[in-house]
>>> print(open('entry_1.txt').read())   # compact mmCIF, C-alpha atoms
# COMPACT_ATOMS: atom_id res chain seq x y z
CA MET A 1 23.34 9.41 -31.43
CA SER A 2 24.83 8.91 -28.05
CA ASP A 3 27.01 5.88 -27.71
CA GLU A 4 25.58 4.67 -24.45
CA LEU A 5 22.50 2.75 -23.55
CA ILE A 6 21.02 3.40 -20.14
CA LEU A 7 18.65 0.84 -18.70
CA GLU A 8 16.27 1.63 -15.88
CA VAL A 9 14.11 -1.06 -14.34
CA VAL A 10 11.57 0.55 -12.04
CA THR A 11 9.15 -1.31 -9.77
CA PRO A 12 6.78 0.13 -7.19
CA GLU A 13 9.12 -0.96 -4.42
CA LYS A 14 12.39 0.27 -5.75
CA MET A 15 14.60 1.12 -8.64
CA ALA A 16 15.54 -2.47 -9.42
CA PHE A 17 18.32 -1.55 -11.79
CA SER A 18 19.79 1.58 -13.25
CA GLY A 19 22.96 1.72 -15.23
CA LYS A 20 24.82 1.41 -18.51
CA VAL A 21 24.31 -1.75 -20.52
CA ASP A 22 25.36 -2.96 -23.94
CA GLU A 23 22.18 -4.71 -24.83
CA VAL A 24 18.86 -5.55 -23.26
CA THR A 25 16.20 -8.08 -24.18
CA ILE A 26 12.65 -7.50 -23.03
CA PRO A 27 9.64 -9.86 -23.11
CA GLY A 28 7.10 -7.65 -24.88
CA THR A 29 3.51 -8.73 -25.28
CA GLU A 30 4.03 -9.04 -29.02
CA GLY A 31 7.18 -11.05 -28.55
CA GLU A 32 10.62 -10.76 -27.15
CA PHE A 33 12.69 -7.91 -28.49
CA GLY A 34 16.24 -6.75 -28.08
CA VAL A 35 17.36 -3.18 -27.79
CA LEU A 36 20.72 -1.81 -28.78
CA ARG A 37 21.75 1.79 -28.56
CA GLY A 38 20.16 4.01 -31.15
CA HIS A 39 16.93 2.08 -31.22
CA GLU A 40 14.04 4.11 -32.54
CA PRO A 41 11.54 5.50 -29.98
CA PHE A 42 9.37 2.64 -29.00
CA LEU A 43 6.62 2.01 -26.49
CA THR A 44 5.26 -1.41 -25.73
CA SER A 45 3.69 -3.43 -22.98
CA VAL A 46 5.66 -6.09 -21.19
CA ASP A 47 4.40 -9.50 -20.21
CA VAL A 48 5.42 -12.12 -17.71
CA GLY A 49 8.79 -13.35 -18.85
CA GLU A 50 12.54 -13.05 -18.73
CA LEU A 51 14.35 -9.82 -19.12
CA TYR A 52 18.10 -9.81 -19.48
CA TYR A 53 20.76 -7.31 -20.16
CA ILE A 54 24.36 -7.70 -21.17
CA ALA A 55 26.92 -5.48 -19.54
CA ASP A 56 30.66 -6.12 -19.60
CA GLY A 57 30.03 -9.34 -21.46
CA LYS A 58 27.90 -10.71 -18.62
CA LYS A 59 24.25 -11.63 -18.86
CA THR A 60 21.97 -10.80 -15.97
CA TYR A 61 18.48 -12.24 -15.84
CA TYR A 62 15.35 -10.86 -14.25
CA ALA A 63 11.96 -12.48 -13.84
CA VAL A 64 9.48 -9.74 -14.62
CA ASN A 65 5.76 -9.26 -14.41
CA THR A 66 3.42 -7.10 -16.46
CA GLY A 67 4.22 -3.51 -17.21
CA TYR A 68 5.53 -1.51 -20.10
CA ALA A 69 8.82 -0.52 -21.69
CA GLU A 70 9.71 2.81 -23.15
CA VAL A 71 12.66 3.09 -25.48
CA THR A 72 14.25 6.29 -26.61
CA GLY A 73 17.52 6.55 -28.49
CA SER A 74 19.77 6.20 -25.50
CA LYS A 75 17.53 5.12 -22.69
CA VAL A 76 15.29 2.17 -21.90
CA THR A 77 12.80 2.55 -19.10
CA VAL A 78 11.01 -0.58 -18.00
CA LEU A 79 8.15 -0.11 -15.57
CA ILE A 80 6.94 -3.37 -14.12
CA GLU A 81 5.00 -4.47 -11.13
CA THR A 82 7.64 -6.92 -9.99
CA ALA A 83 11.19 -7.69 -11.01
CA GLU A 84 13.35 -10.32 -9.40
CA ARG A 85 16.95 -10.84 -10.26
CA ALA A 86 17.81 -14.45 -10.92
CA ASP A 87 19.91 -14.83 -7.79
CA ALA A 88 17.12 -13.37 -5.67
CA VAL A 89 14.46 -15.80 -6.80
CA ASP A 90 13.35 -18.16 -4.08
CA LYS A 91 13.15 -21.32 -6.10
CA ASP A 92 11.53 -23.43 -3.43
CA ARG A 93 8.77 -20.91 -3.05
CA ALA A 94 8.33 -20.73 -6.80
CA LEU A 95 8.13 -24.52 -7.00
CA LYS A 96 5.50 -24.58 -4.29
CA ALA A 97 3.53 -21.83 -6.01
CA LYS A 98 3.68 -23.84 -9.21
CA GLU A 99 2.35 -26.98 -7.52
CA ARG A 100 -0.39 -25.01 -5.87
CA ALA A 101 -1.45 -23.38 -9.11
CA GLU A 102 -1.36 -26.68 -10.98
CA ALA A 103 -3.47 -28.39 -8.34
CA ALA A 104 -5.99 -25.59 -8.39
CA LEU A 105 -6.19 -25.61 -12.17
CA THR A 106 -7.11 -29.27 -12.34
CA GLN A 107 -10.06 -28.66 -10.05
CA LEU A 108 -11.40 -25.45 -11.51
CA ALA A 109 -13.66 -25.24 -14.49
CA LYS A 110 -12.38 -23.11 -17.33
CA GLU A 111 -15.26 -20.71 -16.92
CA HIS A 112 -14.53 -20.12 -13.26
CA SER A 113 -13.42 -16.61 -12.50
CA ASP A 114 -10.39 -17.89 -10.62
CA TYR A 115 -9.19 -19.99 -13.51
CA GLU A 116 -7.52 -17.13 -15.31
CA LYS A 117 -6.01 -15.93 -12.06
CA MET A 118 -4.50 -19.31 -11.33
CA ARG A 119 -3.29 -19.69 -14.88
CA LEU A 120 -1.41 -16.42 -14.56
CA ALA A 121 -0.04 -17.50 -11.19
CA LEU A 122 1.23 -20.69 -12.79
CA LEU A 123 2.82 -18.70 -15.59
CA ARG A 124 4.60 -16.47 -13.12
CA ALA A 125 5.83 -19.41 -11.07
CA VAL A 126 7.16 -21.25 -14.11
CA ASN A 127 8.85 -18.08 -15.28
CA ARG A 128 10.58 -17.57 -11.96
CA ILE A 129 11.79 -21.15 -11.91
CA SER A 130 13.23 -20.89 -15.38
CA VAL A 131 15.00 -17.66 -14.51
CA ALA A 132 16.43 -19.24 -11.38
CA ASP A 133 17.75 -22.07 -13.55
CA LYS A 134 19.67 -19.57 -15.66
CA LEU A 135 22.02 -18.96 -12.78
CA PRO A 136 25.44 -20.52 -13.27
CA GLN A 137 25.49 -23.61 -11.11
CA ASN A 138 28.18 -23.65 -8.53
CA MET B 1 -8.32 9.13 51.42
CA PRO B 2 -6.64 6.08 49.86
CA SER B 3 -3.93 4.49 51.89
CA LEU B 4 -0.26 4.91 51.14
CA LYS B 5 -0.05 1.38 49.87
CA ASP B 6 -2.91 1.86 47.42
CA ILE B 7 -1.31 4.90 45.89
CA LYS B 8 2.05 3.20 45.65
CA ARG B 9 0.49 0.31 43.78
CA LYS B 10 -1.18 2.72 41.41
CA VAL B 11 2.07 4.52 40.67
CA THR B 12 3.76 1.24 39.77
CA ALA B 13 0.87 0.34 37.49
CA VAL B 14 1.01 3.65 35.68
CA GLN B 15 4.74 3.34 35.32
CA LYS B 16 4.31 -0.02 33.64
CA THR B 17 1.70 1.41 31.30
CA LYS B 18 4.10 4.17 30.44
CA GLN B 19 6.76 1.64 29.55
CA ILE B 20 4.37 -0.08 27.20
CA THR B 21 3.16 3.08 25.49
CA ARG B 22 6.71 4.28 25.06
CA ALA B 23 7.73 0.98 23.50
CA MET B 24 4.73 1.13 21.16
CA ASN B 25 5.69 4.64 20.23
CA MET B 26 9.16 3.52 19.26
CA VAL B 27 7.90 0.54 17.29
CA ALA B 28 5.46 2.77 15.44
CA ALA B 29 8.24 5.23 14.74
CA SER B 30 10.42 2.63 13.08
CA LYS B 31 7.49 1.22 11.12
CA PHE B 32 6.60 4.71 10.09
CA LYS B 33 10.08 5.24 8.76
CA SER B 34 9.95 2.16 6.60
CA ALA B 35 6.47 3.10 5.37
CA GLN B 36 7.77 6.49 4.42
CA LEU B 37 10.70 4.95 2.62
CA LYS B 38 8.29 2.79 0.68
CA MET B 39 6.41 5.90 -0.35
CA GLU B 40 9.61 7.56 -1.50
CA ASN B 41 10.54 4.51 -3.54
CA PHE B 42 7.17 4.45 -5.18
CA ARG B 43 7.40 8.01 -6.41
CA PRO B 44 9.59 7.42 -9.48
CA TYR B 45 7.35 4.57 -10.60
CA ALA B 46 4.17 6.58 -10.19
CA GLY B 47 5.69 9.64 -11.84
CA LYS B 48 6.94 7.80 -14.91
CA PHE B 49 3.75 5.85 -15.18
CA MET B 50 1.62 8.98 -15.20
CA ASP B 51 3.86 10.57 -17.82
CA VAL B 52 3.41 7.73 -20.23
CA LEU B 53 -0.29 7.33 -19.50
CA ASN B 54 -0.92 11.01 -20.07
CA SER B 55 1.01 11.18 -23.29
CA LEU B 56 -0.77 8.09 -24.50
CA ALA B 57 -4.18 9.40 -23.49
CA LEU B 58 -3.57 12.54 -25.50
CA ARG B 59 -3.26 10.63 -28.75
CA VAL B 60 -6.03 8.12 -28.21
CA ASP B 61 -9.72 8.59 -27.87
CA THR B 62 -10.13 7.52 -24.28
CA SER B 63 -13.89 7.50 -24.10
CA THR B 64 -14.22 4.01 -25.45
CA HIS B 65 -12.58 2.10 -22.66
CA PRO B 66 -14.98 0.23 -20.35
CA LEU B 67 -13.20 1.53 -17.28
CA LEU B 68 -14.05 5.05 -18.36
CA ALA B 69 -17.69 4.32 -19.10
CA VAL B 70 -20.04 6.77 -17.44
CA ARG B 71 -23.35 5.22 -16.45
CA ASP B 72 -26.25 6.47 -14.44
CA PRO B 73 -24.81 6.07 -10.93
CA ARG B 74 -27.47 3.92 -9.37
CA ARG B 75 -25.34 1.25 -7.75
CA ILE B 76 -22.39 2.53 -5.80
CA ARG B 77 -19.49 0.57 -4.46
CA VAL B 78 -17.11 1.80 -1.81
CA ILE B 79 -13.64 0.64 -0.82
CA CYS B 80 -13.01 1.50 2.79
CA MET B 81 -9.35 1.35 3.72
CA THR B 82 -8.65 1.16 7.45
CA SER B 83 -5.81 -0.28 9.44
CA ASP B 84 -5.70 -3.77 10.90
CA ARG B 85 -4.88 -2.70 14.42
CA GLY B 86 -6.16 -0.15 16.82
CA LEU B 87 -4.48 2.09 19.37
CA CYS B 88 -3.77 4.74 16.82
CA GLY B 89 -5.95 7.59 18.02
CA GLY B 90 -8.79 8.69 15.82
CA PHE B 91 -7.25 7.22 12.69
CA ASN B 92 -9.86 4.52 12.08
CA THR B 93 -12.74 6.20 13.87
CA ASN B 94 -12.55 9.28 11.70
CA LEU B 95 -12.34 7.24 8.56
CA ILE B 96 -15.22 4.98 9.52
CA LYS B 97 -17.32 8.01 10.37
CA ALA B 98 -16.54 9.57 7.02
CA THR B 99 -17.40 6.33 5.26
CA GLU B 100 -20.64 5.98 7.16
CA ARG B 101 -21.65 9.52 6.34
CA PHE B 102 -20.83 9.03 2.70
CA MET B 103 -22.78 5.81 2.48
CA ARG B 104 -25.75 7.30 4.34
CA ASP B 105 -25.89 10.24 1.97
CA LYS B 106 -25.80 7.96 -1.03
CA THR B 107 -28.43 5.65 0.41
CA ARG B 108 -30.68 8.61 1.10
CA ASP B 109 -30.39 9.57 -2.54
CA GLY B 110 -31.83 6.19 -3.35
CA LYS B 111 -28.61 4.52 -4.43
CA GLU B 112 -27.68 0.98 -3.80
CA VAL B 113 -24.47 0.90 -1.78
CA SER B 114 -22.15 -2.02 -1.25
CA MET B 115 -18.62 -2.09 0.03
CA ILE B 116 -15.26 -3.73 -0.03
CA SER B 117 -13.32 -3.53 3.16
CA VAL B 118 -9.57 -3.39 3.41
CA GLY B 119 -8.23 -3.61 6.95
CA ARG B 120 -9.58 -5.42 9.97
CA LYS B 121 -10.96 -2.39 11.79
CA GLY B 122 -13.26 -1.35 8.98
CA ARG B 123 -14.35 -4.93 8.42
CA ASP B 124 -15.24 -5.39 12.09
CA PHE B 125 -17.27 -2.22 12.09
CA PHE B 126 -19.18 -2.71 8.87
CA ARG B 127 -19.62 -6.47 9.00
CA LYS B 128 -23.14 -6.22 10.37
CA LYS B 129 -24.00 -2.76 9.15
CA ALA B 130 -23.31 -2.77 5.47
CA ASN B 131 -23.27 -5.03 2.49
CA VAL B 132 -19.64 -6.08 2.56
CA LEU B 133 -18.83 -7.96 -0.63
CA ALA B 134 -15.18 -8.64 -0.08
CA GLN B 135 -12.58 -8.07 2.54
CA LYS B 136 -8.85 -8.02 2.92
CA VAL B 137 -7.70 -8.25 6.51
CA ASP B 138 -4.38 -8.71 8.28
CA CYS B 139 -2.49 -7.73 5.21
CA LEU B 140 -1.26 -4.25 5.93
CA SER B 141 1.70 -4.98 8.17
CA LYS B 142 3.65 -6.19 5.17
CA PHE B 143 2.35 -5.72 1.68
CA ASP B 144 3.49 -5.08 -1.85
CA MET B 145 1.97 -4.43 -5.22
CA THR B 146 0.24 -7.83 -5.24
CA LEU B 147 -2.15 -6.61 -2.55
CA ALA B 148 -3.11 -3.63 -4.68
CA VAL B 149 -3.55 -5.98 -7.63
CA SER B 150 -5.80 -8.30 -5.66
CA VAL B 151 -7.93 -5.37 -4.48
CA ALA B 152 -8.15 -4.08 -8.03
CA ASP B 153 -9.13 -7.54 -9.26
CA GLU B 154 -12.16 -7.42 -6.99
CA VAL B 155 -13.43 -4.25 -8.58
CA ILE B 156 -12.32 -4.12 -12.21
CA ASP B 157 -14.22 -7.09 -13.58
CA PRO B 158 -17.57 -6.30 -11.93
CA PHE B 159 -17.35 -2.75 -13.23
CA ILE B 160 -16.70 -3.87 -16.77
CA LYS B 161 -19.60 -6.29 -16.48
CA ALA B 162 -21.70 -3.35 -15.28
CA GLU B 163 -22.52 -4.95 -11.94
CA TYR B 164 -22.20 -1.52 -10.42
CA ASP B 165 -21.85 2.00 -11.75
CA GLU B 166 -19.49 3.97 -9.58
CA LEU B 167 -16.61 3.11 -7.30
CA TYR B 168 -15.27 5.29 -4.54
CA LEU B 169 -12.14 4.78 -2.54
CA ILE B 170 -12.19 6.13 0.99
CA TYR B 171 -8.86 6.27 2.76
CA ASN B 172 -6.82 8.42 5.08
CA GLN B 173 -4.73 10.79 3.08
CA PHE B 174 -1.36 11.20 4.69
CA VAL B 175 -0.66 14.87 5.33
CA ASN B 176 1.96 14.57 8.05
CA VAL B 177 2.68 12.51 11.13
CA SER B 178 -0.13 14.01 13.17
CA VAL B 179 -2.60 14.81 10.41
CA GLN B 180 -4.41 12.21 8.33
CA ARG B 181 -7.37 13.38 6.37
CA PRO B 182 -10.19 11.02 5.42
CA THR B 183 -10.51 11.41 1.67
CA VAL B 184 -13.03 10.17 -0.85
CA VAL B 185 -11.83 9.68 -4.41
CA ARG B 186 -13.77 8.32 -7.32
CA LEU B 187 -12.03 5.41 -8.96
CA PHE B 188 -14.58 4.32 -11.54
CA PRO B 189 -15.37 5.67 -13.95
CA LEU B 190 -11.76 6.80 -13.93
CA PRO B 191 -11.42 10.54 -13.72
CA SER B 192 -10.31 11.96 -17.02
CA ILE B 193 -6.67 11.39 -17.72
CA GLY B 194 -4.48 13.17 -20.15
CA SER B 195 -6.01 16.55 -19.55
CA PRO B 196 -3.94 19.24 -21.26
CA ASP B 197 -2.90 20.78 -17.98
CA ALA B 198 -1.53 17.47 -16.75
CA ASP B 199 2.03 17.55 -15.61
CA MET B 200 4.31 16.54 -18.42
CA GLU B 201 7.89 16.12 -17.60
CA THR B 202 9.18 13.87 -20.26
CA ASP B 203 9.38 14.83 -23.85
CA THR B 204 6.06 13.82 -25.32
CA ARG B 205 6.89 15.12 -28.75
CA LEU B 206 8.84 11.98 -29.40
CA ASP B 207 7.03 9.95 -31.96
CA TYR B 208 6.95 6.49 -30.57
CA VAL B 209 6.42 3.32 -32.43
CA TYR B 210 3.65 1.61 -30.55
CA GLU B 211 3.45 -2.09 -30.27
CA PRO B 212 0.68 -3.15 -29.96
CA SER B 213 -1.24 -0.13 -31.27
CA ASP B 214 -1.53 2.86 -28.99
CA GLU B 215 -5.15 2.09 -28.30
CA VAL B 216 -4.53 -1.48 -27.19
CA LEU B 217 -1.63 -0.29 -25.15
CA LEU B 218 -3.78 2.22 -23.34
CA HIS B 219 -6.26 -0.50 -22.53
CA LYS B 220 -3.47 -2.50 -20.98
CA LEU B 221 -2.20 0.42 -18.99
CA LEU B 222 -5.53 1.48 -17.51
CA PRO B 223 -5.88 -1.49 -15.13
CA MET B 224 -2.30 -0.81 -14.08
CA TYR B 225 -3.33 2.75 -13.42
CA VAL B 226 -5.92 1.41 -10.99
CA HIS B 227 -3.17 -0.63 -9.32
CA VAL B 228 -1.09 2.50 -8.95
CA LEU B 229 -3.97 4.42 -7.39
CA VAL B 230 -4.83 1.64 -4.96
CA TYR B 231 -1.20 1.03 -4.07
CA ARG B 232 -0.69 4.69 -3.33
CA ALA B 233 -3.73 4.68 -1.03
CA LEU B 234 -2.36 1.60 0.73
CA LEU B 235 0.97 3.29 1.25
CA GLU B 236 -0.66 6.37 2.65
CA THR B 237 -2.83 4.27 4.93
CA SER B 238 0.16 2.40 6.28
CA ALA B 239 2.22 5.55 6.80
CA GLY B 240 -0.77 7.34 8.32
CA GLU B 241 -1.58 4.48 10.66
CA ASN B 242 1.90 4.37 12.10
CA GLY B 243 2.13 8.14 12.23
CA ALA B 244 -1.17 8.29 14.10
CA ARG B 245 -0.05 5.56 16.47
CA MET B 246 3.18 7.41 17.12
CA ALA B 247 1.28 10.56 18.02
CA ALA B 248 -1.28 8.68 20.12
CA MET B 249 1.38 6.79 22.05
CA ASP B 250 3.39 9.94 22.56
CA ASN B 251 0.31 11.52 24.09
CA ALA B 252 -0.32 8.47 26.24
CA THR B 253 3.25 8.50 27.50
CA SER B 254 3.07 12.13 28.54
CA ASN B 255 -0.31 11.53 30.15
CA CYS B 256 1.26 8.74 32.15
CA GLU B 257 4.03 11.07 33.25
CA GLU B 258 1.49 13.59 34.39
CA LEU B 259 -0.44 10.96 36.27
CA ILE B 260 2.70 9.68 37.93
CA HIS B 261 3.53 13.21 38.99
CA THR B 262 0.18 13.88 40.66
CA LEU B 263 0.10 10.44 42.21
CA THR B 264 3.59 10.89 43.65
CA LEU B 265 2.51 14.20 45.18
CA LYS B 266 -0.48 12.50 46.68
CA MET B 267 1.67 9.68 47.93
CA ASN B 268 4.10 12.08 49.60
CA LYS B 269 1.23 13.88 51.25
CA ALA B 270 -0.17 10.62 52.53
CA ARG B 271 3.22 9.61 53.86
CA GLN B 272 3.63 13.01 55.54
CA ALA B 273 0.21 12.62 57.10
CA ALA B 274 1.12 9.20 58.40
CA ILE B 275 4.36 10.47 59.93
CA THR B 276 2.58 13.44 61.54
CA ALA B 277 -0.05 11.16 62.99
CA GLU B 278 2.60 8.89 64.42
CA LEU B 279 4.52 11.83 65.92
CA MET B 280 1.33 13.11 67.50
CA ASP B 281 0.86 9.72 69.05
CA ILE B 282 4.35 9.66 70.55
CA VAL B 283 4.17 13.25 71.78
CA GLY B 284 0.74 12.58 73.29
CA GLY B 285 2.11 9.44 74.95
CA THR B 286 5.15 11.13 76.52
CA GLU B 287 3.03 14.04 77.74
CA ALA B 288 0.63 11.65 79.37
CA LEU B 289 3.57 9.86 81.04
CA ALA B 290 5.14 13.12 82.25
CA LYS B 291 1.87 14.17 83.83
CA GLY B 292 1.45 10.91 85.57
>>> encode(input="entry_1.txt", output="structure tokens")
Amino acid sequence: MSDELILEVVTPEKMAFSGKVDEVTIPGTEGEFGVLRGHEPFLTSVDVGELYYIADGKKTYYAVNTGYAEVTGSKVTVLIETAERADAVDKDRALKAKERAEAALTQLAKEHSDYEKMRLALLRAVNRISVADKLPQN
Amino acid sequence: MPSLKDIKRKVTAVQKTKQITRAMNMVAASKFKSAQLKMENFRPYAGKFMDVLNSLALRVDTSTHPLLAVRDPRRIRVICMTSDRGLCGGFNTNLIKATERFMRDKTRDGKEVSMISVGRKGRDFFRKKANVLAQKVDCLSKFDMTLAVSVADEVIDPFIKAEYDELYLIYNQFVNVSVQRPTVVRLFPLPSIGSPDADMETDTRLDYVYEPSDEVLLHKLLPMYVHVLVYRALLETSAGENGARMAAMDNATSNCEELIHTLTLKMNKARQAAITAELMDIVGGTEALAKG
């Protein structure tokens, strides 16, 4: 088994991250899971949540959207529709999106077709805010 | 014969037009570059996605998914993808023509046709002529995956609920800067995936642990597959639009040059004629004086 773990985070816009890491934690649909090197081949879908990897003893957070993750012994490929690193999250915008989604949710009936859409929007906004909060305050 | 002044004014006007078309050409060129870059960046995502989807489709019975359901195609829906702005040659015209022809053929066969319009130009054209159910306008100058997702949202649910039977996407396929080909692709029911001849780059012999089960996973990936297809069409539209505008503005600029050239010739001739006439006057005058 190789003694390295390569992480690739791919979004439609760019290769968000590619490099060696010690450990990565991914928000799978069936729950969060961590991957160390030598993990067995694994394929799962990814949900809205926080992804982080540890490299050189430092944690780096990403706010991610739906997609999937593919794990082979030495490589983790995460394909997601969006990925934002914690320091790139625009918190003000996320807060506004959250307010907007909350306001819309109180007005919509649960059966309305937009309800689910807004609920997901709210989820994404909350996720981005919490990732932004993970940044060391300085 | 127009006077010297008239021609001069015309030359200045054409020169100004030339400035504008040249500037538009340069703007389109830089936008084209960034659109192309976006396409490049999308390639790894699309490639990896297809690999996984194909390998997954090989192990799972794909016929059960609602997005793959084949029904009697009685009600047809069309996504027409044009640009938001004009002045890009035949880019939109050709596409609209192709869409019109397609819809006419289907209507003649007794099908019920409705459409979803992406891009202002297509919307403006079809607003009164077709049954436009939804539209996305003024969104192509800057877009990301969320646009593709919102387009897909418009079509996925109604298809699953069997509100219509077939979905076609009509867009300009990007061949190169000067060639964009109107293309019709069927989105729903999704063309078969995971065919044995599909391109497999990664090692599919790996026995994955699937979580959730491979079948559920496939069902999650299929809507994303639609996003990928729509996003790719959007990228090609945006690259094609700017490529077409580049070519059109290049043409316009050289036409202006030609016009300036002929007008300058004409102007010189007119000036020459004026000088000759004046000389004749003076010569005639002195001769008359000498005689007298």
>>> residues_around(input="entry_1.txt", residues="region 254-262 of chain B", least_positions_apart="4", cutoff="12 Å", atoms="all atoms listed in the file", output="list of chain:residue names")
B:Ile7, B:Lys8, B:Arg9, B:Lys10, B:Val11, B:Thr12, B:Ala13, B:Val14, B:Gln15, B:Lys16, B:Thr17, B:Lys18, B:Gln19, B:Ile20, B:Thr21, B:Arg22, B:Asn25, B:Ala247, B:Ala248, B:Met249, B:Asp250, B:Lys266, B:Met267, B:Asn268, B:Lys269
>>> interface_residues(input="entry_1.txt", of="chain A", to="chain B", cutoff="7 Å", atoms="only C-alpha atoms", output="mmCIF file with C-alpha atoms, in the frame of the given file")
data_model
loop_
_atom_site.group_PDB
_atom_site.id
_atom_site.type_symbol
_atom_site.label_atom_id
_atom_site.label_comp_id
_atom_site.auth_asym_id
_atom_site.auth_seq_id
_atom_site.Cartn_x
_atom_site.Cartn_y
_atom_site.Cartn_z
ATOM 1 C CA VAL A 10 11.570 0.550 -12.040
ATOM 2 C CA THR A 11 9.150 -1.310 -9.770
ATOM 3 C CA PRO A 12 6.780 0.130 -7.190
ATOM 4 C CA GLU A 13 9.120 -0.960 -4.420
ATOM 5 C CA LYS A 14 12.390 0.270 -5.750
ATOM 6 C CA GLU A 30 4.030 -9.040 -29.020
ATOM 7 C CA PRO A 41 11.540 5.500 -29.980
ATOM 8 C CA PHE A 42 9.370 2.640 -29.000
ATOM 9 C CA LEU A 43 6.620 2.010 -26.490
ATOM 10 C CA THR A 44 5.260 -1.410 -25.730
ATOM 11 C CA SER A 45 3.690 -3.430 -22.980
ATOM 12 C CA LEU A 79 8.150 -0.110 -15.570
ATOM 13 C CA GLU A 81 5.000 -4.470 -11.130
#
>>> atom_distance(input="entry_1.txt", atom1="CA of Ala244 (chain B)", atom2="CA of Ser34 (chain B)")
14.7 Å
>>> residues_near_point(input="entry_1.txt", point="(9.6, -6.7, -11.0)", cutoff="8 Å", atoms="all atoms listed in the file", output="number ranges by chain")
A: 9-11, 16, 62-65, 80-84
>>> closest_residue(input="entry_1.txt", among="B:Val179, B:Leu133, B:Ala152, B:Met24", to="Leu222 (chain B)", atoms="only C-alpha atoms")
B:Ala152
>>> closest_residue(input="entry_1.txt", among="A:Ser18, A:Thr77, A:Thr66, A:Gln107", to="Val46 (chain A)", atoms="only C-alpha atoms")
A:Thr66
>>> atom_distance(input="entry_1.txt", atom1="CA of Ala29 (chain B)", atom2="CA of Ser83 (chain B)")
16.0 Å
>>> residues_near_point(input="entry_1.txt", point="(25.5, -5.0, -24.2)", cutoff="12 Å", atoms="only C-alpha atoms", output="PyMOL selection string")
chain A and resi 3-7+19-25+34-37+52-60
>>> atom_distance(input="entry_1.txt", atom1="CA of Val113 (chain B)", atom2="CA of Ile76 (chain B)")
4.8 Å
>>> closest_residue(input="entry_1.txt", among="B:Met246, B:Ala23, B:Leu265, B:Leu187", to="Val70 (chain B)", atoms="all atoms listed in the file")
B:Leu187
>>> residues_around(input="entry_1.txt", residues="region 115-128 of chain A", least_positions_apart="4", cutoff="9 Å", atoms="all atoms listed in the file", output="PyMOL selection string")
chain A and resi 48-50+62-65+84+86+89-91+93-102+104-105+108-111+132-133
>>> closest_residue(input="entry_1.txt", among="B:Val155, B:Asp165, B:Ala148, B:Ala130", to="Arg104 (chain B)", atoms="only C-alpha atoms")
B:Ala130
>>> residues_around(input="entry_1.txt", residues="Thr82 (chain B)", least_positions_apart="4", cutoff="12 Å", atoms="only C-alpha atoms", output="VMD selection string")
chain B and resid 86 88 90 to 99 116 to 126 135 to 140 169 to 173 180 182 to 183 233 to 242
>>> build_atoms(input="entry_1.txt", residues="region 179-190 of chain B", atoms="N, CA and C atoms", output="PDB file, in the coordinates of the input")
ATOM      1  N   VAL B 179      -1.366  14.510  11.135  1.00  0.00           N
ATOM      2  CA  VAL B 179      -2.600  14.810  10.410  1.00  0.00           C
ATOM      3  C   VAL B 179      -2.839  13.790   9.298  1.00  0.00           C
ATOM      4  N   GLN B 180      -3.968  13.089   9.409  1.00  0.00           N
ATOM      5  CA  GLN B 180      -4.410  12.210   8.330  1.00  0.00           C
ATOM      6  C   GLN B 180      -5.832  12.613   7.984  1.00  0.00           C
ATOM      7  N   ARG B 181      -6.067  12.850   6.735  1.00  0.00           N
ATOM      8  CA  ARG B 181      -7.370  13.380   6.370  1.00  0.00           C
ATOM      9  C   ARG B 181      -8.177  12.315   5.620  1.00  0.00           C
ATOM     10  N   PRO B 182      -9.346  11.945   6.162  1.00  0.00           N
ATOM     11  CA  PRO B 182     -10.190  11.020   5.420  1.00  0.00           C
ATOM     12  C   PRO B 182     -10.570  11.626   4.068  1.00  0.00           C
ATOM     13  N   THR B 183     -10.319  10.872   3.013  1.00  0.00           N
ATOM     14  CA  THR B 183     -10.510  11.410   1.670  1.00  0.00           C
ATOM     15  C   THR B 183     -11.355  10.436   0.854  1.00  0.00           C
ATOM     16  N   VAL B 184     -12.229  10.990   0.051  1.00  0.00           N
ATOM     17  CA  VAL B 184     -13.030  10.170  -0.850  1.00  0.00           C
ATOM     18  C   VAL B 184     -12.588  10.479  -2.278  1.00  0.00           C
ATOM     19  N   VAL B 185     -12.142   9.455  -2.999  1.00  0.00           N
ATOM     20  CA  VAL B 185     -11.830   9.680  -4.410  1.00  0.00           C
ATOM     21  C   VAL B 185     -12.640   8.722  -5.262  1.00  0.00           C
ATOM     22  N   ARG B 186     -13.021   9.191  -6.411  1.00  0.00           N
ATOM     23  CA  ARG B 186     -13.770   8.320  -7.320  1.00  0.00           C
ATOM     24  C   ARG B 186     -12.768   7.542  -8.154  1.00  0.00           C
ATOM     25  N   LEU B 187     -12.921   6.230  -8.140  1.00  0.00           N
ATOM     26  CA  LEU B 187     -12.030   5.410  -8.960  1.00  0.00           C
ATOM     27  C   LEU B 187     -12.659   5.115 -10.315  1.00  0.00           C
ATOM     28  N   PHE B 188     -13.885   4.645 -10.287  1.00  0.00           N
ATOM     29  CA  PHE B 188     -14.580   4.320 -11.540  1.00  0.00           C
ATOM     30  C   PHE B 188     -15.853   5.132 -11.645  1.00  0.00           C
ATOM     31  N   PRO B 189     -16.234   5.631 -12.773  1.00  0.00           N
ATOM     32  CA  PRO B 189     -15.370   5.670 -13.950  1.00  0.00           C
ATOM     33  C   PRO B 189     -14.134   6.519 -13.662  1.00  0.00           C
ATOM     34  N   LEU B 190     -13.011   6.105 -14.203  1.00  0.00           N
ATOM     35  CA  LEU B 190     -11.760   6.800 -13.930  1.00  0.00           C
ATOM     36  C   LEU B 190     -11.871   8.269 -14.289  1.00  0.00           C
TER      37      LEU B 190
END
